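Enquirer: Can you read through this structure? Questions will come right after.
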Amino acid sequence: MSIKEVEQQIVEEFSIFTDWLDKYEYLIELGRSLPIIKESGKEDKNLIKGCQSRVWLAADYSDGKIWFTADSDAIITKGIISLLVRVFSGRTPQEIIDADLNFIKQIGLEENLSPTRANGLLSMIKQIKFYAVAFAANKQ
Amino acid sequence: MATIENISQMRDKFPALRQKVHGKDLIYFDNGATAQKPDSVLSLLNEMNSGTNGNIHRAVHELSAKCTSLYESARITIKDFINAHSTEEIIFTSGTTASINLVANSFTTKFIAKGDTIIICEADHHSNIVPWQMACERSGAILKILPIDENGEWMMDKLESLIDESVKIISVAHISNVLGIANPVEKLIKIAHKVGAKVLLDGAQGIVHENIDVKKLDCDFYAFSGHKLYGPTGTGVLYGKREILEDMGPWMGGGDMVESVSLFKTSYAPPPLKFEAGTPNFIGAAALGEAINFVQQFDREFIRDQEYALTTSLLEGLKSIDGVKIYGESKHKLPIYSFNIEGVHHSDLAMLLDKMGVAVRSGMMCCEPLMTRFHTTGMVRASLLPYNTIEEIDLFITAVQKAVKMLK
C-alpha cells in the first residue's frame with residue numbers, strides 16, 4: 001500500500017465516529033497498542049520535549065527504508081504517534097519527503113499539530129522529514 | 001451603579017460564559033490564564049475602536065482629547081483601586097511580564113552592582129525568573145532562591161538566612177499561579193525593608209483575588225495584568241513608589257517620555273510618562289479602567305462568600321477522586337487548584353475535558369522549576385473566578401471521573 005492508501009484507510013476508520021469522545025477513546029486504544037520504543041532508544045537525543053507532553057522518536061535505516069519507533073508519556077499523543085508510525089515506517093526516504101499529512105486534518109486532529117500545542121507532535125513530524133532527508137543524502 | 005450581589009447578576013454580564021464548546025455548555029476553569037470580559041468592557045472597547053479613537057497626549061483635536069481623558073481617568077481609577085498615593089505611581093504596561101521586565105532593567109541599572117543579591121522564589125512564574133537571571137548576567141549580581149515546602153508554602157525560616165545588606169530587591173509572586181496560595185507578603189516586606197531591600201510583588205493572580213492596598217502592604221512595586229482582571233489582553237500596570245520611580249532611569253526610549261530632545265541629549269519626563277515610551281495601548285488601558293469599575297460593583301461579602309464556597313467545594317470534589325495529588329494546600333488558599341491523578345497524564349486529561357466542554361490548563365504552566373520541585377512534568381489546573389458556580393464544579397468532577405475511566 002502506498003502512503004496515500006494507508007492515509008485513506010485511517011480516514012475511513014475514523015469516519016465511523018460521530019462523537020469526539022469516541023474518537024479519543026479509539027486514539028487511547030491505539031496508544032496502548034503502540035509497540036513502544038526500545039529502552040535503548042529512549043535516550044535524550046531522541047527526546048522531543050514539549051510543554052504538554054514528551055515524545056521519543058528513533059529511526060533505523062535498512063534495505064533502503066526507514067523504520068520508526070516512537071513513544072510518549074501521554075497516551076493520546078501516543079495514539080496520534082501510532083498513526084504517524086503506521087503511515088511513515090517502512091517507507092523510502094523519498095516517499096516520506098513527498099508525503100503530505102492531509103489525513104490528520106481529515107480525521108479532525110489538526111489542532112493537535114498546531115505549533116502552539118507544544119505536545120511535541122509537530123516537532124516529531126519535522127524530525128521524521130529530517131531523518132528522510134538525511135538518509136536520502138547519505139545514500140547518494 | 002448597581003451592586004452585583006448574586007451569581008446570576010454576575011453571570012449575566014459575561015456573554016462568553018454562554019457558549020457551547022464541542023457541543024457542550026462551556027465550563028470555563030482557566031481563569032488563571034485569562035478571565036472573560038463583562039459587557040461594559042466590551043462596549044467601551046467597541047465604542048473606542050469604532051469611533052472614539054485618537055492618539056493621546058499629542059493632538060489638540062476632539063478625539064485625541066477624549067481618548068487622553070479616558071486614558072488618564074483609567075489611571076486615577078487604578079490609583080484608587082490599589083490605594084496608591086498618586087497617579088505618578090501608576091505606569092501602564094502591556095502586562096505583568098512587561099512590568100517586571102521594566103523593573104528588572106531600570107532598577108537594576110541604577111541600584112544593583114556586582115556582588116549584590118536578588119531574591120526570587122522557586123514557585124515563581126518564568127516571567128519572574130528569566131528577567132532576573134538576565135539582570136544578574138548584566139549586573140554581576142547573585143540570584144538567590146526562596147524555597148517552598150511540600151505544601152507549597154514559603155519557607156520563611158530559610159528567608160532569614162538569605163537576607164543581608166547585599167540584597168537589593170526581592171521579587172516574588174503574591175499568589176502563585178500554580179499553587180493558589182496567598183503568600184505572607186506583609187511579613188516578607190518587613191524583613192526586606194529592615195536591610196533596605198526593595199520588594200516587587202508579581203500580582204498577576206493577587207490583584208484578582210485579594211483587596212490590594214499598596215500603602216498598607218508597603219511594597220515598593222506591584223505588577224499586574226489587565227486580562228486576568230476582566231480587562232483586555234495587552235494591558236497591565238506597574239505600581240512603583242514615586243521616590244523610587246523618580247530615581248530610576250527610563251527603560252525604553254521614544255515619544256511621549258521626554259521633556260525636551262536635541263540630537264545628542266534628552267531630558268526625560270517625570271514618572272509615569274518616563275516609562276511609557278511610544279503610543280501606549282490607550283484603548284486597552286481605558287477598558288482596564290472600566291474592568292476595575294466593574295470589579296468595584298461587587299458586593300464584598302458576596303465575593304468573599306463565593307470565593308470561599310468555590311475553594312472548599314473544589315477541594316472536596318478533587319479529594320473524592322481516587323489517586324489524586326493536590327499541589328499547594330494551605331489555610332490561605334484561593335480557588336486555584338493544580339493536581340495530578342495517579343496513572344493519568346495531565347495533557348491527556350485536559351484534552352478529554354476539553355472535548356466535554358471543560359476548559360482547564362495543563363502542562364508546566366510556565367513554572368518549570370516548580371514542576372521539578374514536585375518531580376512532575378506537568379499538572380492540571382482548575383482556576384475559578386466568582387462567576388463560576390458550584391454546579392460547574394460538580395459537572396467538572398464528573399467529567400474528570402469519566403476521563404480518568406477512559407484513560408486508566
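Every chain in the C-alpha cells takes a letter, A first, then B, and so on in the order presented; its residues are numbered from 1, and the ligands are numbered from 1 following the presented order.
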From a DSSP calculation on the backbone, collect every residue of chain A in helix (DSSP H, G or I) and output the set as a PyMOL selection string.

Expert: chain A and resi 3-15+20-33+39-41+44-46+75-88+93-98+102-106+110-113+115-117+121-139

Enquirer: Give as a PDB file with N, CA and C atoms, in the first residue's frame every residue of chain B that touches chain A within 12 Å, counting only C-alpha atoms.

Expert:
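What ended up in selection22.pdb:
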```pdb
ATOM      1  N   VAL B  21     -19.016  24.585  23.615  1.00  0.00           N
ATOM      2  CA  VAL B  21     -17.727  24.152  23.067  1.00  0.00           C
ATOM      3  C   VAL B  21     -17.843  22.662  22.785  1.00  0.00           C
ATOM      4  N   HIS B  22     -17.519  22.252  21.569  1.00  0.00           N
ATOM      5  CA  HIS B  22     -17.703  20.862  21.138  1.00  0.00           C
ATOM      6  C   HIS B  22     -19.128  20.384  21.452  1.00  0.00           C
ATOM      7  N   GLY B  23     -20.085  21.275  21.293  1.00  0.00           N
ATOM      8  CA  GLY B  23     -21.486  20.919  21.506  1.00  0.00           C
ATOM      9  C   GLY B  23     -21.935  20.860  22.955  1.00  0.00           C
ATOM     10  N   LYS B  24     -21.012  21.183  23.886  1.00  0.00           N
ATOM     11  CA  LYS B  24     -21.369  21.125  25.313  1.00  0.00           C
ATOM     12  C   LYS B  24     -21.339  22.546  25.904  1.00  0.00           C
ATOM     13  N   GLY B 343      -1.387   7.622  37.419  1.00  0.00           N
ATOM     14  CA  GLY B 343      -1.610   6.794  36.227  1.00  0.00           C
ATOM     15  C   GLY B 343      -2.229   7.544  35.062  1.00  0.00           C
ATOM     16  N   VAL B 344      -2.433   8.849  35.222  1.00  0.00           N
ATOM     17  CA  VAL B 344      -3.059   9.648  34.160  1.00  0.00           C
ATOM     18  C   VAL B 344      -2.134  10.808  33.802  1.00  0.00           C
ATOM     19  N   HIS B 345      -1.912  11.011  32.509  1.00  0.00           N
ATOM     20  CA  HIS B 345      -1.063  12.130  32.086  1.00  0.00           C
ATOM     21  C   HIS B 345      -1.890  13.413  32.046  1.00  0.00           C
ATOM     22  N   HIS B 346      -1.309  14.495  32.565  1.00  0.00           N
ATOM     23  CA  HIS B 346      -2.046  15.767  32.665  1.00  0.00           C
ATOM     24  C   HIS B 346      -2.600  16.239  31.325  1.00  0.00           C
ATOM     25  N   SER B 347      -1.800  16.031  30.257  1.00  0.00           N
ATOM     26  CA  SER B 347      -2.251  16.539  28.964  1.00  0.00           C
ATOM     27  C   SER B 347      -3.410  15.698  28.406  1.00  0.00           C
ATOM     28  N   ASP B 348      -3.379  14.381  28.648  1.00  0.00           N
ATOM     29  CA  ASP B 348      -4.499  13.522  28.231  1.00  0.00           C
ATOM     30  C   ASP B 348      -5.792  13.958  28.930  1.00  0.00           C
ATOM     31  N   LEU B 349      -5.675  14.194  30.220  1.00  0.00           N
ATOM     32  CA  LEU B 349      -6.859  14.575  30.996  1.00  0.00           C
ATOM     33  C   LEU B 349      -7.433  15.891  30.471  1.00  0.00           C
ATOM     34  N   ALA B 350      -6.550  16.874  30.244  1.00  0.00           N
ATOM     35  CA  ALA B 350      -7.017  18.186  29.779  1.00  0.00           C
ATOM     36  C   ALA B 350      -7.655  18.086  28.397  1.00  0.00           C
ATOM     37  N   MET B 351      -7.109  17.212  27.543  1.00  0.00           N
ATOM     38  CA  MET B 351      -7.669  17.061  26.187  1.00  0.00           C
ATOM     39  C   MET B 351      -9.068  16.462  26.233  1.00  0.00           C
ATOM     40  N   LEU B 352      -9.257  15.459  27.080  1.00  0.00           N
ATOM     41  CA  LEU B 352     -10.584  14.842  27.168  1.00  0.00           C
ATOM     42  C   LEU B 352     -11.583  15.810  27.808  1.00  0.00           C
ATOM     43  N   LEU B 353     -11.123  16.560  28.814  1.00  0.00           N
ATOM     44  CA  LEU B 353     -12.015  17.540  29.446  1.00  0.00           C
ATOM     45  C   LEU B 353     -12.481  18.569  28.416  1.00  0.00           C
ATOM     46  N   ASP B 354     -11.552  18.988  27.557  1.00  0.00           N
ATOM     47  CA  ASP B 354     -11.894  19.945  26.509  1.00  0.00           C
ATOM     48  C   ASP B 354     -13.033  19.409  25.648  1.00  0.00           C
ATOM     49  N   LYS B 355     -12.951  18.126  25.302  1.00  0.00           N
ATOM     50  CA  LYS B 355     -13.997  17.544  24.460  1.00  0.00           C
ATOM     51  C   LYS B 355     -15.320  17.463  25.205  1.00  0.00           C
ATOM     52  N   MET B 356     -15.273  17.564  26.523  1.00  0.00           N
ATOM     53  CA  MET B 356     -16.505  17.564  27.317  1.00  0.00           C
ATOM     54  C   MET B 356     -16.931  19.000  27.663  1.00  0.00           C
ATOM     55  N   GLY B 357     -16.273  19.972  27.039  1.00  0.00           N
ATOM     56  CA  GLY B 357     -16.673  21.370  27.232  1.00  0.00           C
ATOM     57  C   GLY B 357     -16.011  22.059  28.409  1.00  0.00           C
ATOM     58  N   ARG B 361      -6.235  24.321  32.371  1.00  0.00           N
ATOM     59  CA  ARG B 361      -4.861  24.431  31.892  1.00  0.00           C
ATOM     60  C   ARG B 361      -4.122  23.147  32.238  1.00  0.00           C
ATOM     61  N   SER B 362      -3.171  22.754  31.394  1.00  0.00           N
ATOM     62  CA  SER B 362      -2.311  21.626  31.750  1.00  0.00           C
ATOM     63  C   SER B 362      -0.896  21.910  31.290  1.00  0.00           C
ATOM     64  N   GLY B 363       0.049  21.135  31.788  1.00  0.00           N
ATOM     65  CA  GLY B 363       1.445  21.315  31.421  1.00  0.00           C
ATOM     66  C   GLY B 363       2.230  21.958  32.552  1.00  0.00           C
ATOM     67  N   MET B 364       3.271  22.662  32.163  1.00  0.00           N
ATOM     68  CA  MET B 364       4.179  23.242  33.163  1.00  0.00           C
ATOM     69  C   MET B 364       3.695  24.588  33.688  1.00  0.00           C
ATOM     70  N   MET B 365       2.753  25.176  33.002  1.00  0.00           N
ATOM     71  CA  MET B 365       2.208  26.472  33.389  1.00  0.00           C
ATOM     72  C   MET B 365       3.280  27.538  33.580  1.00  0.00           C
ATOM     73  N   CYS B 366       4.306  27.508  32.725  1.00  0.00           N
ATOM     74  CA  CYS B 366       5.403  28.485  32.788  1.00  0.00           C
ATOM     75  C   CYS B 366       6.104  28.452  34.137  1.00  0.00           C
ATOM     76  N   CYS B 367       6.120  27.295  34.781  1.00  0.00           N
ATOM     77  CA  CYS B 367       6.772  27.162  36.083  1.00  0.00           C
ATOM     78  C   CYS B 367       7.612  25.891  36.096  1.00  0.00           C
ATOM     79  N   GLU B 368       8.566  25.793  35.196  1.00  0.00           N
ATOM     80  CA  GLU B 368       9.352  24.555  35.103  1.00  0.00           C
ATOM     81  C   GLU B 368      10.099  24.240  36.404  1.00  0.00           C
ATOM     82  N   MET B 371       7.720  22.610  38.723  1.00  0.00           N
ATOM     83  CA  MET B 371       7.410  21.239  38.303  1.00  0.00           C
ATOM     84  C   MET B 371       8.536  20.306  38.767  1.00  0.00           C
ATOM     85  N   THR B 376       7.493  16.401  38.688  1.00  0.00           N
ATOM     86  CA  THR B 376       6.489  16.095  37.675  1.00  0.00           C
ATOM     87  C   THR B 376       6.789  16.879  36.397  1.00  0.00           C
ATOM     88  N   THR B 377       6.250  16.412  35.284  1.00  0.00           N
ATOM     89  CA  THR B 377       6.457  17.127  34.016  1.00  0.00           C
ATOM     90  C   THR B 377       5.319  18.104  33.750  1.00  0.00           C
ATOM     91  N   GLY B 378       4.313  18.077  34.606  1.00  0.00           N
ATOM     92  CA  GLY B 378       3.203  18.997  34.421  1.00  0.00           C
ATOM     93  C   GLY B 378       2.069  18.690  35.379  1.00  0.00           C
ATOM     94  N   MET B 379       1.063  19.530  35.356  1.00  0.00           N
ATOM     95  CA  MET B 379      -0.099  19.365  36.223  1.00  0.00           C
ATOM     96  C   MET B 379      -1.337  19.818  35.461  1.00  0.00           C
ATOM     97  N   VAL B 380      -2.496  19.533  36.020  1.00  0.00           N
ATOM     98  CA  VAL B 380      -3.746  20.091  35.506  1.00  0.00           C
ATOM     99  C   VAL B 380      -4.183  21.163  36.499  1.00  0.00           C
ATOM    100  N   ALA B 399     -16.865  15.030  35.013  1.00  0.00           N
ATOM    101  CA  ALA B 399     -16.112  14.947  33.754  1.00  0.00           C
ATOM    102  C   ALA B 399     -14.722  14.362  34.004  1.00  0.00           C
ATOM    103  N   LYS B 402     -15.029  10.665  34.500  1.00  0.00           N
ATOM    104  CA  LYS B 402     -15.288   9.993  33.219  1.00  0.00           C
ATOM    105  C   LYS B 402     -13.987   9.868  32.412  1.00  0.00           C
ATOM    106  N   ALA B 403     -13.217  10.958  32.367  1.00  0.00           N
ATOM    107  CA  ALA B 403     -11.961  10.961  31.606  1.00  0.00           C
ATOM    108  C   ALA B 403     -10.972   9.967  32.204  1.00  0.00           C
ATOM    109  N   VAL B 404     -10.894   9.941  33.523  1.00  0.00           N
ATOM    110  CA  VAL B 404      -9.963   9.028  34.192  1.00  0.00           C
ATOM    111  C   VAL B 404     -10.315   7.580  33.858  1.00  0.00           C
ATOM    112  N   LYS B 405     -11.610   7.305  33.839  1.00  0.00           N
ATOM    113  CA  LYS B 405     -12.074   5.954  33.498  1.00  0.00           C
ATOM    114  C   LYS B 405     -11.611   5.568  32.083  1.00  0.00           C
ATOM    115  N   MET B 406     -11.675   6.537  31.167  1.00  0.00           N
ATOM    116  CA  MET B 406     -11.222   6.267  29.798  1.00  0.00           C
ATOM    117  C   MET B 406      -9.714   6.043  29.733  1.00  0.00           C
ATOM    118  N   LEU B 407      -8.999   6.748  30.586  1.00  0.00           N
ATOM    119  CA  LEU B 407      -7.534   6.751  30.478  1.00  0.00           C
ATOM    120  C   LEU B 407      -6.854   5.652  31.278  1.00  0.00           C
ATOM    121  N   LYS B 408      -7.556   5.142  32.305  1.00  0.00           N
ATOM    122  CA  LYS B 408      -6.880   4.159  33.164  1.00  0.00           C
ATOM    123  C   LYS B 408      -7.013   2.738  32.634  1.00  0.00           C
TER     124      LYS B 408
END
```

Enquirer: Can you pull out every residue within 10 Å of Ile10 (chain A), counting only C-alpha atoms, but drop anything in the same chain fewer than 5 positions away, and send it as a PyMOL selection string?

Expert: chain A and resi 4-5+15+83+86-87+103-104+106-107

Enquirer: Just the residues within 8 Å of Gly54 (chain B), please, counting only C-alpha atoms, with nothing from its chain fewer than 5 positions along; format it as a list in words.

Expert: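 Using only C-alpha atoms, the neighbours found are Leu63, Ser64, Ala65, Lys66 and Cys67 of chain B.
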
Enquirer: Could the residues in this selection be saved with N, CA and C atoms as a compact mmCIF listing (two decimals), in the first residue's frame?

Expert:
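File written: result.txt
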```txt
# COMPACT_ATOMS: atom_id res chain seq x y z
N LEU B 63 -11.08 64.01 19.27
CA LEU B 63 -10.94 62.57 19.53
C LEU B 63 -9.71 62.29 20.40
N SER B 64 -8.64 63.02 20.14
CA SER B 64 -7.44 62.86 20.95
C SER B 64 -7.72 63.27 22.39
N ALA B 65 -8.42 64.38 22.54
CA ALA B 65 -8.72 64.87 23.89
C ALA B 65 -9.58 63.87 24.65
N LYS B 66 -10.56 63.28 23.97
CA LYS B 66 -11.44 62.30 24.62
C LYS B 66 -10.65 61.07 25.06
N CYS B 67 -9.78 60.60 24.16
CA CYS B 67 -9.00 59.39 24.49
C CYS B 67 -8.01 59.68 25.61
```

Enquirer: From the options B:Ala291, B:Ile321, B:Ile191, B:Gly152, which residue's atoms come nearest to Ala35 (chain B), counting only C-alpha atoms?

Expert: B:Ala291

Enquirer: Identify which of the residues A:Thr69, A:Ile37, A:Ile128, A:Lys49 lies closest to Glu95 (chain A), counting only C-alpha atoms when measuring atom-to-atom distances.

Expert: A:Ile128

Enquirer: When you draw a straight line from CA of Val400 (chain B) to CA of Asn388 (chain B), how long is it in Å?

Expert: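 Separation of CA of Val400 (chain B) and CA of Asn388 (chain B): 17.0 Å.
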
Enquirer: Write out as a list in words each polymer residue whose atoms come within 7 Å of region 237-243 of chain B, counting only C-alpha atoms; drop sequence neighbours fewer than 5 positions from it.

Expert: Glu88, Glu89, Ile90, Ile91, Phe92, Thr93, Gly95, Thr96, Ser99, Asp220, Phe221, Tyr222, Ala223, Phe224 and Ser225 of chain B

Enquirer: Would you mind exporting the chosen residues as a tab-separated table (two decimals), in the first residue's frame, restricted to C-alpha atoms?

Expert:
```
chain	number	residue	atom	x	y	z
B	88	GLU	CA	2.53	59.31	39.11
B	89	GLU	CA	2.93	55.87	40.67
B	90	ILE	CA	0.75	54.10	38.08
B	91	ILE	CA	2.57	53.07	34.89
B	92	PHE	CA	0.65	51.43	32.07
B	93	THR	CA	2.41	48.43	30.55
B	95	GLY	CA	1.10	43.16	31.21
B	96	THR	CA	2.77	41.70	34.27
B	99	SER	CA	6.05	45.41	34.33
B	220	ASP	CA	7.85	49.03	46.55
B	221	PHE	CA	6.44	47.66	43.29
B	222	TYR	CA	3.25	45.81	42.41
B	223	ALA	CA	2.85	44.34	38.92
B	224	PHE	CA	-0.35	43.02	37.36
B	225	SER	CA	-2.14	42.30	34.09
```

Enquirer: Based on DSSP run over this structure's backbone, return all residues of region 20-73 of chain A in strand (DSSP E or B), as JSON, numbers by chain.

Expert: {"A": [47, 48, 49, 54, 55, 56, 57, 58, 59, 60, 61, 62, 65, 66, 67, 68, 69, 70, 71, 72]}

Enquirer: What does the structure give for the distance between CA of Pro386 (chain B) and CA of Glu186 (chain B), in Å to one decimal?

Expert: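 Here the two named atoms are 25.1 Å from each other.
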